[in-house]
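Report on one structure; see the data block that follows.
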Amino acid sequence: MSTTPTTPTTPTTPTTSTTPGDGRTPRVLVVWCPDWPVVAVTSDDPVAVTEGGRILACSAGARAAGVRQGQRLKLAQRLCPELELRDRDPEAEARRFEPVVAAVEAFTPRVEVIRPGLCAIPVKGPGRYFGGEEALAALVGAAVTDALERPPVPDAVPGAVTVPGTETAHDPDPDSDPTPQPQPEPETAPRTTPHAQIGVADGLFAAVLAARAGVLVPAGRTAEFLAPYPVGTLGDEALAELLGRLGLPTVGDFAALPPEAVADRFGPAGTVAHRLARGLQPRPLMPRDEEPDLAVEQRFDPPEPLAEPLVFVARTLAEQLHQRLAGAGLTCRRVAVEVACADGRTASRLWRHEGRLSATALAERVRWQLQAWQGMGTFTGDRGDRGDRGDRGGQAGFTLLRLAPDGLSPDQGRQLALWGQAVADDRVERAVARVQAVLGHAGLRRIEPAGGRGPGEQQVRVPWGEPYEVAAPADAPWPGRLAERSADLWPAVVLREPAPVRVLDEEGRPVTVDGRAGVSARPALVVVRGREERVAGWTGPWPAVEYWWDQSLARRRARFQMVVDGGRALLLTVEGGAWYLEAGYD
């Protein structure tokens, strides 16, 4: 393997670059999987993943046609008419990247997942153990390649050490003229093949750029490696624009400035960017936290045919769980009760804990849950598989009882109330727990105020015991909002899902509302579930244009209040040319 260091394109380098022994900027290895949002959802080509009405990532075929990140969808489709668009799937990205992280964790547990498709590890310990940085990079590249199920494809990067098992997604130098290589026969359907690139440098920022170039930057020469990059690479658009006007277009130009002058002129943000430009690191790596496995379980061999013994075992397991949580200084928000039967049936239910349930109370919840499952026939042969066990029709016996804490957090203790309030709250919680055992954790809900314009949006149903995190404050300004809540104006009945209706004028034609909130004709009839009701009076519209800046969430609608014969009042909404019944007044 060649050991030729990266050669910077500019001779001027700052004199404040770090050396391997200064202890300030540790060496970092980065694994980068190009176009990961595309790889996670499809292997087709050309294809692009969209988010917020713009291109988030695209395949190599789409990039060759001129599609770029951040482009609007119409422009991308004009450049590449055969382009296939896919919505972003963050869950798929994280799920498909997990094998890559597991492969890297085989070399060190200190893996920081920056985002799906990009992770980093410190080099110091693993590099010494595996025989140096080049050997470590080669081993990590081979392991990641195996995880991606792709054979290694070597690629030479001029002026730097090439990492085996990686391949440059696209040449960072558009003016370069690589040596032509023989090409395989074209396939009938182009495919996007996942691959990875490895980079090593001083600090996380430079290591990410090294991974994109597929090089190993020699220790102490990170500032020289960063020098030719434009200042926009530092990630601060406002600072990059200002530096460009000041005649400092490259990272090397910016890094040559004295740190004191940068701090005085550009403030804290400029100081952080200046440290990056000099090859220093503003923060250490932050490995992902692994929650300790504190679950407790009891297996039954032979299977236990009755549920009563599980209740006694549950008390012992609950005590063990509390001891484990206390020993770790943790508490949990929920406890999962999991049961398995000899015939393969399993059932689980989450119970609210919040550190309030004693071992006895938790065992009591297990008893209630078992009774509820038995009452619903969860473990009996009432689901069409009785023939598998003859004519018994009973349960096959329990083989496992498991209590698993969920939502771990540091234990901050609990402040008890005075004057019997804690006793009253405990009675309420016990009653709620009995109901949730039958209906499920989400079967009993409470109403919480929320922000929104319609009555259905200003109230949310939260499972009892779950903390409510306000996504949209109720007291925030809401242009186009329904009249302020009061006993006289608030609807008596709010539908969970608005029901489609028809609104007609005197001639039987549909009433429409244009983009300027103009009504085509006076509403005369409202057709609700096939029944016509004559409009006695109406008011509106109240237009509302929501999330106009986000194409995926944008909505345009208008609300009307109408009184029909008999004195009944309705709240109607028109959206996309269709009318809906949203609520009713007494």
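Following the order of the structure tokens, chains are lettered A, B, ..., residues in each are numbered from 1, and ligands are numbered from 1.
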
Leaving out A:Leu330 and any residue of its chain fewer than 3 positions from it, which residues lie within 8 Å of it when counting only C-alpha atoms, given as a list of chain:residue names? A:Leu325, A:Ala326, A:Gly327, A:Leu408, A:Ser409, A:Pro410, A:Asp411

Considering only C-alpha atoms, return as an mmCIF file with all heavy atoms, in the first residue's frame whatever protein or nucleic-acid residues lie within 12 Å of A:Val208, sequence-local ones (same chain, fewer than 5 positions apart) excluded.
```cif
data_model
loop_
_atom_site.group_PDB
_atom_site.id
_atom_site.type_symbol
_atom_site.label_atom_id
_atom_site.label_comp_id
_atom_site.auth_asym_id
_atom_site.auth_seq_id
_atom_site.Cartn_x
_atom_site.Cartn_y
_atom_site.Cartn_z
ATOM 1 N N ARG A 27 -6.919 11.862 15.959
ATOM 2 C CA ARG A 27 -7.144 11.321 14.625
ATOM 3 C C ARG A 27 -8.505 10.625 14.596
ATOM 4 O O ARG A 27 -8.884 9.917 15.533
ATOM 5 C CB ARG A 27 -6.052 10.336 14.264
ATOM 6 C CG ARG A 27 -4.665 10.936 14.284
ATOM 7 C CD ARG A 27 -4.385 11.762 13.057
ATOM 8 N NE ARG A 27 -4.200 10.903 11.880
ATOM 9 C CZ ARG A 27 -4.120 11.368 10.639
ATOM 10 N NH1 ARG A 27 -4.253 12.652 10.387
ATOM 11 N NH2 ARG A 27 -3.911 10.534 9.638
ATOM 12 N N VAL A 28 -9.228 10.806 13.499
ATOM 13 C CA VAL A 28 -10.581 10.276 13.361
ATOM 14 C C VAL A 28 -10.688 9.552 12.029
ATOM 15 O O VAL A 28 -10.191 10.033 11.001
ATOM 16 C CB VAL A 28 -11.639 11.402 13.452
ATOM 17 C CG1 VAL A 28 -13.045 10.844 13.254
ATOM 18 C CG2 VAL A 28 -11.541 12.121 14.788
ATOM 19 N N LEU A 29 -11.336 8.411 12.056
ATOM 20 C CA LEU A 29 -11.650 7.658 10.836
ATOM 21 C C LEU A 29 -13.153 7.768 10.575
ATOM 22 O O LEU A 29 -13.961 7.544 11.487
ATOM 23 C CB LEU A 29 -11.241 6.196 10.980
ATOM 24 C CG LEU A 29 -11.452 5.284 9.759
ATOM 25 C CD1 LEU A 29 -10.375 4.209 9.709
ATOM 26 C CD2 LEU A 29 -12.828 4.602 9.785
ATOM 27 N N VAL A 30 -13.512 8.099 9.361
ATOM 28 C CA VAL A 30 -14.911 8.295 8.975
ATOM 29 C C VAL A 30 -15.284 7.312 7.877
ATOM 30 O O VAL A 30 -14.507 7.106 6.930
ATOM 31 C CB VAL A 30 -15.164 9.750 8.512
ATOM 32 C CG1 VAL A 30 -16.530 9.875 7.823
ATOM 33 C CG2 VAL A 30 -15.099 10.707 9.692
ATOM 34 N N VAL A 31 -16.441 6.712 8.019
ATOM 35 C CA VAL A 31 -17.021 5.846 6.983
ATOM 36 C C VAL A 31 -18.189 6.600 6.371
ATOM 37 O O VAL A 31 -19.139 6.986 7.083
ATOM 38 C CB VAL A 31 -17.489 4.509 7.572
ATOM 39 C CG1 VAL A 31 -18.140 3.652 6.489
ATOM 40 C CG2 VAL A 31 -16.323 3.771 8.223
ATOM 41 N N TRP A 32 -18.134 6.811 5.074
ATOM 42 C CA TRP A 32 -19.173 7.555 4.358
ATOM 43 C C TRP A 32 -19.742 6.690 3.254
ATOM 44 O O TRP A 32 -19.000 6.157 2.421
ATOM 45 C CB TRP A 32 -18.590 8.845 3.764
ATOM 46 C CG TRP A 32 -19.566 9.606 2.905
ATOM 47 C CD1 TRP A 32 -20.799 10.052 3.255
ATOM 48 C CD2 TRP A 32 -19.378 10.011 1.540
ATOM 49 N NE1 TRP A 32 -21.402 10.717 2.205
ATOM 50 C CE2 TRP A 32 -20.540 10.701 1.141
ATOM 51 C CE3 TRP A 32 -18.326 9.855 0.635
ATOM 52 C CZ2 TRP A 32 -20.677 11.231 -0.133
ATOM 53 C CZ3 TRP A 32 -18.480 10.394 -0.638
ATOM 54 C CH2 TRP A 32 -19.632 11.078 -1.017
ATOM 55 N N CYS A 33 -21.052 6.540 3.252
ATOM 56 C CA CYS A 33 -21.769 5.811 2.202
ATOM 57 C C CYS A 33 -22.483 6.828 1.329
ATOM 58 O O CYS A 33 -23.481 7.427 1.763
ATOM 59 C CB CYS A 33 -22.765 4.821 2.804
ATOM 60 S SG CYS A 33 -22.012 3.543 3.821
ATOM 61 N N PRO A 34 -22.011 7.074 0.118
ATOM 62 C CA PRO A 34 -22.608 8.111 -0.726
ATOM 63 C C PRO A 34 -24.066 7.805 -1.073
ATOM 64 O O PRO A 34 -24.476 6.648 -1.194
ATOM 65 C CB PRO A 34 -21.723 8.098 -1.985
ATOM 66 C CG PRO A 34 -20.452 7.417 -1.570
ATOM 67 C CD PRO A 34 -20.848 6.431 -0.524
ATOM 68 N N ILE A 114 -23.078 9.919 12.966
ATOM 69 C CA ILE A 114 -23.375 11.325 12.701
ATOM 70 C C ILE A 114 -24.752 11.459 12.075
ATOM 71 O O ILE A 114 -25.552 12.311 12.466
ATOM 72 C CB ILE A 114 -22.294 11.923 11.788
ATOM 73 C CG1 ILE A 114 -20.913 11.742 12.446
ATOM 74 C CG2 ILE A 114 -22.563 13.393 11.500
ATOM 75 C CD1 ILE A 114 -19.755 12.067 11.543
ATOM 76 N N ARG A 115 -25.034 10.612 11.130
ATOM 77 C CA ARG A 115 -26.354 10.484 10.516
ATOM 78 C C ARG A 115 -26.335 9.161 9.768
ATOM 79 O O ARG A 115 -25.257 8.604 9.525
ATOM 80 C CB ARG A 115 -26.659 11.647 9.563
ATOM 81 C CG ARG A 115 -25.735 11.722 8.357
ATOM 82 C CD ARG A 115 -26.180 12.801 7.380
ATOM 83 N NE ARG A 115 -25.367 12.813 6.182
ATOM 84 C CZ ARG A 115 -24.243 13.496 6.040
ATOM 85 N NH1 ARG A 115 -23.810 14.236 7.038
ATOM 86 N NH2 ARG A 115 -23.557 13.450 4.910
ATOM 87 N N GLY A 117 -25.649 6.754 7.114
ATOM 88 C CA GLY A 117 -24.765 6.887 5.977
ATOM 89 C C GLY A 117 -23.417 7.490 6.322
ATOM 90 O O GLY A 117 -22.529 7.535 5.459
ATOM 91 N N LEU A 118 -23.237 7.941 7.567
ATOM 92 C CA LEU A 118 -21.990 8.582 7.962
ATOM 93 C C LEU A 118 -21.724 8.294 9.433
ATOM 94 O O LEU A 118 -22.555 8.608 10.288
ATOM 95 C CB LEU A 118 -22.075 10.094 7.727
ATOM 96 C CG LEU A 118 -20.794 10.904 7.923
ATOM 97 C CD1 LEU A 118 -19.770 10.550 6.851
ATOM 98 C CD2 LEU A 118 -21.093 12.405 7.885
ATOM 99 N N CYS A 119 -20.579 7.679 9.734
ATOM 100 C CA CYS A 119 -20.204 7.392 11.116
ATOM 101 C C CYS A 119 -18.706 7.574 11.267
ATOM 102 O O CYS A 119 -17.957 7.607 10.277
ATOM 103 C CB CYS A 119 -20.634 5.991 11.536
ATOM 104 S SG CYS A 119 -19.807 4.647 10.662
ATOM 105 N N ALA A 120 -18.252 7.694 12.531
ATOM 106 C CA ALA A 120 -16.848 7.991 12.800
ATOM 107 C C ALA A 120 -16.389 7.240 14.036
ATOM 108 O O ALA A 120 -17.186 6.925 14.922
ATOM 109 C CB ALA A 120 -16.649 9.495 12.995
ATOM 110 N N ILE A 121 -15.073 6.963 14.079
ATOM 111 C CA ILE A 121 -14.451 6.323 15.237
ATOM 112 C C ILE A 121 -13.113 6.987 15.498
ATOM 113 O O ILE A 121 -12.481 7.504 14.565
ATOM 114 C CB ILE A 121 -14.245 4.802 15.031
ATOM 115 C CG1 ILE A 121 -13.309 4.544 13.848
ATOM 116 C CG2 ILE A 121 -15.568 4.094 14.858
ATOM 117 C CD1 ILE A 121 -12.918 3.089 13.680
ATOM 118 N N GLN A 197 -16.801 4.794 1.447
ATOM 119 C CA GLN A 197 -15.485 5.398 1.338
ATOM 120 C C GLN A 197 -14.964 5.687 2.740
ATOM 121 O O GLN A 197 -15.728 6.051 3.636
ATOM 122 C CB GLN A 197 -15.538 6.680 0.504
ATOM 123 C CG GLN A 197 -15.891 6.434 -0.947
ATOM 124 C CD GLN A 197 -15.934 7.698 -1.780
ATOM 125 O OE1 GLN A 197 -16.511 7.703 -2.846
ATOM 126 N NE2 GLN A 197 -15.318 8.780 -1.317
ATOM 127 N N ILE A 198 -13.661 5.506 2.921
ATOM 128 C CA ILE A 198 -13.009 5.683 4.208
ATOM 129 C C ILE A 198 -12.070 6.871 4.127
ATOM 130 O O ILE A 198 -11.368 7.062 3.122
ATOM 131 C CB ILE A 198 -12.218 4.424 4.617
ATOM 132 C CG1 ILE A 198 -13.089 3.172 4.485
ATOM 133 C CG2 ILE A 198 -11.678 4.568 6.032
ATOM 134 C CD1 ILE A 198 -14.261 3.130 5.412
ATOM 135 N N GLY A 199 -12.040 7.674 5.181
ATOM 136 C CA GLY A 199 -11.109 8.791 5.262
ATOM 137 C C GLY A 199 -10.590 8.937 6.681
ATOM 138 O O GLY A 199 -11.307 8.660 7.645
ATOM 139 N N VAL A 200 -9.351 9.367 6.809
ATOM 140 C CA VAL A 200 -8.721 9.589 8.108
ATOM 141 C C VAL A 200 -8.046 10.949 8.074
ATOM 142 O O VAL A 200 -7.372 11.300 7.096
ATOM 143 C CB VAL A 200 -7.689 8.487 8.438
ATOM 144 C CG1 VAL A 200 -7.033 8.762 9.788
ATOM 145 C CG2 VAL A 200 -8.352 7.112 8.441
ATOM 146 N N ALA A 201 -8.246 11.724 9.152
ATOM 147 C CA ALA A 201 -7.618 13.043 9.255
ATOM 148 C C ALA A 201 -7.638 13.463 10.716
ATOM 149 O O ALA A 201 -8.166 12.763 11.588
ATOM 150 C CB ALA A 201 -8.329 14.062 8.365
ATOM 151 N N ASP A 202 -7.073 14.643 10.982
ATOM 152 C CA ASP A 202 -7.111 15.218 12.327
ATOM 153 C C ASP A 202 -8.465 15.877 12.535
ATOM 154 O O ASP A 202 -8.775 16.885 11.891
ATOM 155 C CB ASP A 202 -6.004 16.265 12.496
ATOM 156 C CG ASP A 202 -4.616 15.660 12.354
ATOM 157 O OD1 ASP A 202 -4.484 14.443 12.569
ATOM 158 O OD2 ASP A 202 -3.680 16.410 12.024
ATOM 159 N N GLY A 203 -9.283 15.336 13.441
ATOM 160 C CA GLY A 203 -10.573 15.935 13.729
ATOM 161 C C GLY A 203 -11.680 15.412 12.837
ATOM 162 O O GLY A 203 -11.449 14.924 11.719
ATOM 163 N N ALA A 213 -13.294 12.291 -0.218
ATOM 164 C CA ALA A 213 -12.235 12.157 -1.220
ATOM 165 C C ALA A 213 -11.624 10.769 -1.228
ATOM 166 O O ALA A 213 -10.888 10.424 -2.153
ATOM 167 C CB ALA A 213 -11.146 13.197 -0.965
ATOM 168 N N GLY A 214 -11.882 9.967 -0.185
ATOM 169 C CA GLY A 214 -11.339 8.621 -0.113
ATOM 170 C C GLY A 214 -9.848 8.591 0.155
ATOM 171 O O GLY A 214 -9.134 7.787 -0.438
ATOM 172 N N VAL A 215 -9.349 9.460 1.064
ATOM 173 C CA VAL A 215 -7.914 9.559 1.307
ATOM 174 C C VAL A 215 -7.622 9.475 2.794
ATOM 175 O O VAL A 215 -8.499 9.690 3.635
ATOM 176 C CB VAL A 215 -7.339 10.869 0.733
ATOM 177 C CG1 VAL A 215 -7.568 10.941 -0.758
ATOM 178 C CG2 VAL A 215 -7.947 12.080 1.433
ATOM 179 N N LEU A 216 -6.367 9.173 3.118
ATOM 180 C CA LEU A 216 -5.834 9.223 4.467
ATOM 181 C C LEU A 216 -4.877 10.398 4.551
ATOM 182 O O LEU A 216 -3.803 10.386 3.953
ATOM 183 C CB LEU A 216 -5.096 7.928 4.822
ATOM 184 C CG LEU A 216 -5.928 6.764 5.377
ATOM 185 C CD1 LEU A 216 -6.904 6.254 4.338
ATOM 186 C CD2 LEU A 216 -4.998 5.631 5.830
ATOM 187 N N VAL A 217 -5.280 11.438 5.271
ATOM 188 C CA VAL A 217 -4.461 12.638 5.382
ATOM 189 C C VAL A 217 -3.382 12.393 6.431
ATOM 190 O O VAL A 217 -3.688 11.988 7.557
ATOM 191 C CB VAL A 217 -5.315 13.850 5.775
ATOM 192 C CG1 VAL A 217 -4.449 15.102 5.872
ATOM 193 C CG2 VAL A 217 -6.436 14.058 4.761
ATOM 194 N N THR A 222 -3.393 18.274 8.244
ATOM 195 C CA THR A 222 -4.816 18.466 7.968
ATOM 196 C C THR A 222 -5.098 19.868 7.457
ATOM 197 O O THR A 222 -5.898 20.060 6.531
ATOM 198 C CB THR A 222 -5.633 18.182 9.237
ATOM 199 O OG1 THR A 222 -5.470 16.816 9.595
ATOM 200 C CG2 THR A 222 -7.104 18.460 9.017
ATOM 201 N N LEU A 226 -6.955 20.941 3.996
ATOM 202 C CA LEU A 226 -8.169 21.748 3.930
ATOM 203 C C LEU A 226 -7.983 23.044 3.152
ATOM 204 O O LEU A 226 -8.975 23.650 2.728
ATOM 205 C CB LEU A 226 -8.642 22.091 5.350
ATOM 206 C CG LEU A 226 -9.087 20.944 6.243
ATOM 207 C CD1 LEU A 226 -9.366 21.445 7.650
ATOM 208 C CD2 LEU A 226 -10.323 20.270 5.667
ATOM 209 N N THR A 233 -17.361 25.395 2.662
ATOM 210 C CA THR A 233 -17.261 24.055 3.237
ATOM 211 C C THR A 233 -17.359 24.088 4.754
ATOM 212 O O THR A 233 -17.737 23.090 5.368
ATOM 213 C CB THR A 233 -15.929 23.412 2.824
ATOM 214 O OG1 THR A 233 -15.756 23.558 1.413
ATOM 215 C CG2 THR A 233 -15.885 21.937 3.180
ATOM 216 N N LEU A 234 -17.049 25.225 5.377
ATOM 217 C CA LEU A 234 -17.079 25.324 6.833
ATOM 218 C C LEU A 234 -18.491 25.273 7.400
ATOM 219 O O LEU A 234 -18.661 25.139 8.603
ATOM 220 C CB LEU A 234 -16.384 26.619 7.284
ATOM 221 C CG LEU A 234 -14.891 26.738 6.907
ATOM 222 C CD1 LEU A 234 -14.364 28.111 7.257
ATOM 223 C CD2 LEU A 234 -14.090 25.650 7.598
ATOM 224 N N LEU A 276 -11.792 24.983 12.792
ATOM 225 C CA LEU A 276 -11.951 23.949 11.776
ATOM 226 C C LEU A 276 -10.992 24.175 10.614
ATOM 227 O O LEU A 276 -10.376 23.235 10.100
ATOM 228 C CB LEU A 276 -13.395 23.928 11.269
ATOM 229 C CG LEU A 276 -14.474 23.512 12.265
ATOM 230 C CD1 LEU A 276 -15.853 23.618 11.623
ATOM 231 C CD2 LEU A 276 -14.236 22.099 12.761
#
```

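All residues of protein, DNA or RNA that reach within 7 Å of A:Ala342, judged by only C-alpha atoms and not counting those fewer than 6 positions away in the chain, are Pro303, Ala396, Gly397, Phe398 and Thr399 of chain A.
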
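Picture a line from atom CA of A:Leu243 to atom CA of A:Phe205; it runs 19.4 Å.
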
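The environment of A:Val67 within 8 Å, counting only C-alpha atoms and disregarding residues fewer than 3 places along the same chain, consists of Cys58, Ala62, Arg63, Ala64, Gln71, Ala76, Leu79 and Cys80 of chain A.
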
Skip A:Ser59 itself and residues of its chain fewer than 6 positions away, then list as a PyMOL selection string all residues within 7 Å of it, counting only C-alpha atoms. chain A and resi 35+38+45-48+192

Return as a VMD selection string the full set of residues in stretch 232-349 of chain A whose backbone-based DSSP assignment is strand (DSSP E or B). chain A and resid 250 296 to 304 330 to 341 346 to 349

Residue neighbourhood A:Glu297, 10 Å, only C-alpha atoms, exclusion window fewer than 6 positions, as a count of residues only: 15

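Atom CA of A:Asp89 is positioned 16.6 Å from atom CA of A:Gln69.
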